[in-house]
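Chemist: Here's a structure for you.
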Protein chains: 2
Amino acid sequence: MGTITKALNLLNFFSPSHPEIGLTEFRTLSGQDKATVHRHLIELAANGFLEQNPVTKGYRLGPAILRLAAVRERLFPARTLVAPLVERLATDLGELVHVSLREGDHLSPLCHHDALIHGTRVYFDEAELLPLHATASGLAMLAFGPDHLLSDLLADPLEASTRFTITDPDDLRQTVERVQTEGVAFIDQGFELHVSSFGVPVFGDLQEAVGTMAVAVPTARMTDELKRKIPVALIEAATEVTEELGGTVPPHLRRIWLNAA
Amino acid sequence: MGTITKALNLLNFFSPSHPEIGLTEFRTLSGQDKATVHRHLIELAANGFLEQNPVTKGYRLGPAILRLAAVRERLFPARTLVAPLVERLATDLGELVHVSLREGDHLSPLCHHDALIHGTRVYFDEAELLPLHATASGLAMLAFGPDHLLSDLLADPLEASTRFTITDPDDLRQTVERVQTEGVAFIDQGFELHVSSFGVPVFGDLQEAVGTMAVAVPTARMTDELKRKIPVALIEAATEVTEELGGTVPPHLRRIWLNAA
DNA sequence: CAAAAAGGGTTCAAATAATGAACCAGAGGT
DNA sequence: ACCTCTGGTTCATTATTTGAACCCTTTTTG
């Protein structure tokens, strides 16, 4: 692992529930030497990616990130374009919907919306990276994204998030194949207990899935009716998202989706 | 300069007008060896800070930046809080208003708004870092920010953006002192030709300016009336911004500002 | 249409920059 | 007064970064 990766990984320890982190805590989180971590923090701060609270000496994410995010959004206004579609689907279904983009061998949430009409609801953290083998989104990405994802993933043992997570390589391979023929991924409590979800791919400029759209429902609330309604609505919405992103759904998947509707 | 800084600097070459950059172009922009740049790009991409266009082989900003920006915004929703105030002031004055945060020895735009009611208008690029000695915002930051900024800045020769940029160290020192006593910075065409601007500091948790608020006007349109109106309105708005950010205006500056109004 | 240029990407010895055990300093706490 | 927990620094050792030269493919051009 190179120096750059080590430093950038430090940024990933931040989350809404953990917005400020001190030197010692970084050391334990990252498992690296204090001096190393400190120098990395200093350098990240010098570049505006972090800033230090002068009182507590803790570090928090800095303004450079906002500046770059503005550039990215202007170039490729994914969030702005996609948010309304996510909101509409969430409202129609009354459930949590999210769109995520692939970031290496994980999925990175782009935006989400929860209709908030039910008492129980799914907790969703936009700061958390989603694993490919444990989520419906991930399966959709494995099925329709770059081919190397699956083989790369199987190079190391699969980590279990819950006792329902697929950890057997052959099992995963078969599941991905089924998603490829069915066009929609479904997982029951693979990532979080008591949460079931459906996922489908969304496509960019060409042929390859760049992200996913998914619906997550508390398992207790999942009915046969929802199991019929969600895939249909999801396919329709994902097609729109793909169009908004200037992409095209590959013909063979389009045919599968037409049959499903 | 450490490896991390070199890599992160690569990200700064992106701008709305320059959203995708190839390996060779990065090499000339950064002045570093091609192999070095390439390895840095690969590593940034592996962490989601960049992504590669598979067709053109060019690199663009990646989804990790959006994810982190979401965390930062949730922790410290500066943009969300400040945007309405910027918009109101811009509408009231009919001119371009922006709020920027300090990022090392530069200012990083947080948000801006242009009333767009005039034919001529100031071009403002949220992706561009603002120098401290050439902009009204920068002078406000030098005057009310951390003390070391000015001395650090004077360690190297001052770069001229236009023929009006202050480049003489003594001149700069005097100008900063004047800003400290007057409470408002004014610069005529110091950064862009035909643009004049006023700038004031905004404060965070303690005593020290964390950012600035500024109004930029095409020099041709600058009247005596505007020169009276803008500082008053700016002071009022910046006070509100400071409050929104949970900060306080230092007492001595508050007194200066009261006299000005 | 062949040749050359230009862009992306890779290699490996040489050198520079990252590393980490030990150390310093201040703030609470007992 | 002592311990301890925090952030921060030092410097010899080590390992990672570096860059000239190279390869391959695409595009330009005489």
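The way I read the labels, and the way they are meant: chains A, B, ... in the order of the structure tokens, residue 1 as the first residue of every chain, and ligand 1 as the first ligand shown, with later ones counted on from there.
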Which residues of range 24-109 of chain B sit at most 9 Å from range 56-61 of chain A, using only C-alpha atoms? Give each one's shortest atom pair and distance in Å (one decimal place), in chain and ascending residue order, as a tab-separated table.

Modeler:
residue	atom	partner	partner_atom	distance
B:Leu68	CA	A:Leu61	CA	7.7
B:Ala69	CA	A:Leu61	CA	8.3
B:Val71	CA	A:Leu61	CA	8.1
B:Arg72	CA	A:Leu61	CA	5.8
B:Leu75	CA	A:Arg60	CA	8.9

Chemist: Kindly save the residues from that selection, with C-alpha atoms included, as a PDB file, in the first residue's frame.

Modeler:
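again_20.pdb, written as the output of this step:
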ATOM      1  CA  LEU B  68     -16.641  13.058   1.656  1.00  0.00           C
ATOM      2  CA  ALA B  69     -18.287  16.337   0.756  1.00  0.00           C
ATOM      3  CA  VAL B  71     -19.947  14.020   5.327  1.00  0.00           C
ATOM      4  CA  ARG B  72     -18.395  17.447   5.669  1.00  0.00           C
ATOM      5  CA  LEU B  75     -21.038  17.876  10.034  1.00  0.00           C
TER       6      LEU B  75
END

Chemist: Give me, as CSV, each residue of chain A that comes within 10 Å of chain C, together with its shortest interatomic pair and the distance in Å at one decimal, counting only C-alpha atoms (C1' of nucleotides), with rows ordered by chain and rising residue number.

Modeler:
residue,atom,partner,partner_atom,distance
A:Thr3,CA,C:DA18,C1',7.9
A:Gln32,CA,C:DG20,C1',9.3
A:Asp33,CA,C:DG20,C1',6.3
A:Lys34,CA,C:DG20,C1',8.2
A:Ala35,CA,C:DG20,C1',7.1
A:Thr36,CA,C:DT19,C1',6.8
A:Arg39,CA,C:DA18,C1',9.7

Chemist: I need the chosen residues saved as a short mmCIF file (atom, residue, chain, number, x, y, z; two decimals), in the first residue's frame, with N, CA and C atoms.

Modeler:
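File written: selection_13.cif
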data_model
loop_
_atom_site.label_atom_id
_atom_site.label_comp_id
_atom_site.auth_asym_id
_atom_site.auth_seq_id
_atom_site.Cartn_x
_atom_site.Cartn_y
_atom_site.Cartn_z
N THR A 3 1.98 5.36 0.03
CA THR A 3 1.76 6.45 0.97
C THR A 3 0.46 7.19 0.71
N GLN A 32 -1.46 2.39 12.22
CA GLN A 32 -0.13 2.83 11.81
C GLN A 32 0.56 3.60 12.93
N ASP A 33 1.82 3.81 12.74
CA ASP A 33 2.59 4.51 13.76
C ASP A 33 2.10 5.95 13.92
N LYS A 34 2.20 6.42 15.15
CA LYS A 34 1.72 7.76 15.47
C LYS A 34 2.41 8.82 14.62
N ALA A 35 3.73 8.70 14.49
CA ALA A 35 4.48 9.70 13.73
C ALA A 35 4.02 9.71 12.28
N THR A 36 3.85 8.53 11.71
CA THR A 36 3.38 8.43 10.33
C THR A 36 2.03 9.09 10.17
N ARG A 39 2.26 12.90 10.42
CA ARG A 39 2.77 13.56 9.21
C ARG A 39 1.73 13.54 8.10
#

Chemist: Could you please select, counting only C-alpha atoms (C1' of nucleotides), the residues of chain D within 9 Å of chain A and state them as a PyMOL selection string?

Modeler: chain D and resi 6-9+16

Chemist: May I ask you to extract the residues of chain B within 7 Å of chain A, using only C-alpha atoms, and to give them as a PyMOL selection string?

Modeler: chain B and resi 3-5+15-16+19+43+46-48+61+63-69+71-72+74-75+101+103-104+108-110+126-127

Chemist: For the alpha helix (DSSP H) assignment from backbone DSSP, which residues of range 16-162 of chain B qualify? Please present them as a ChimeraX atom specification.

Modeler: /B:23-30,34-46,63-75,78-93,136-144,148-155

Chemist: If we count only C-alpha atoms (C1' of nucleotides) and set the cut-off at 8 Å, which residues sit around Phe191 in chain B, ignoring sequence neighbours fewer than 6 positions away in its own chain? Please answer as a PyMOL selection string.

Modeler: chain B and resi 134-135+161-162+164-165

Chemist: Suppose you want the space between CA of Thr91 in chain B and CA of Ala115 in chain B; what is it in Å?

Modeler: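 So the answer is 5.2 Å.
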
Chemist: Hey, what does DSSP flag as strand (DSSP E) within range 55-133 of chain A? Can you give it to me as a PyMOL selection string?

Modeler: chain A and resi 59-61+96-103+106-113+130-131

Chemist: Find the residues near Leu150 in chain B: any atom within 9 Å, counting only C-alpha atoms (C1' of nucleotides), skip ones fewer than 6 places away on the same chain, and give them as a VMD selection string.

Modeler: chain B and resid 132 to 133 142 to 143 172 to 173 176

Chemist: Deliver the residues from the most recent selection as a file, using N, CA and C atoms, as a short mmCIF file (atom, residue, chain, number, x, y, z; two decimals), in the first residue's frame.

Modeler:
data_model
loop_
_atom_site.label_atom_id
_atom_site.label_comp_id
_atom_site.auth_asym_id
_atom_site.auth_seq_id
_atom_site.Cartn_x
_atom_site.Cartn_y
_atom_site.Cartn_z
N LEU B 132 -4.08 35.41 -1.55
CA LEU B 132 -4.38 36.32 -0.44
C LEU B 132 -4.02 37.78 -0.72
N HIS B 133 -2.99 38.01 -1.52
CA HIS B 133 -2.52 39.39 -1.66
C HIS B 133 -3.15 40.13 -2.83
N LEU B 142 -5.93 38.29 5.50
CA LEU B 142 -4.63 38.67 6.05
C LEU B 142 -4.80 39.58 7.27
N ALA B 143 -5.80 40.45 7.21
CA ALA B 143 -5.97 41.43 8.27
C ALA B 143 -6.54 40.81 9.55
N LEU B 172 2.10 45.97 0.81
CA LEU B 172 1.11 45.01 1.29
C LEU B 172 0.88 45.15 2.79
N ARG B 173 1.97 45.28 3.53
CA ARG B 173 1.87 45.44 4.98
C ARG B 173 1.01 46.65 5.34
N VAL B 176 -2.67 46.02 4.52
CA VAL B 176 -3.30 45.15 5.51
C VAL B 176 -3.61 45.92 6.79
#
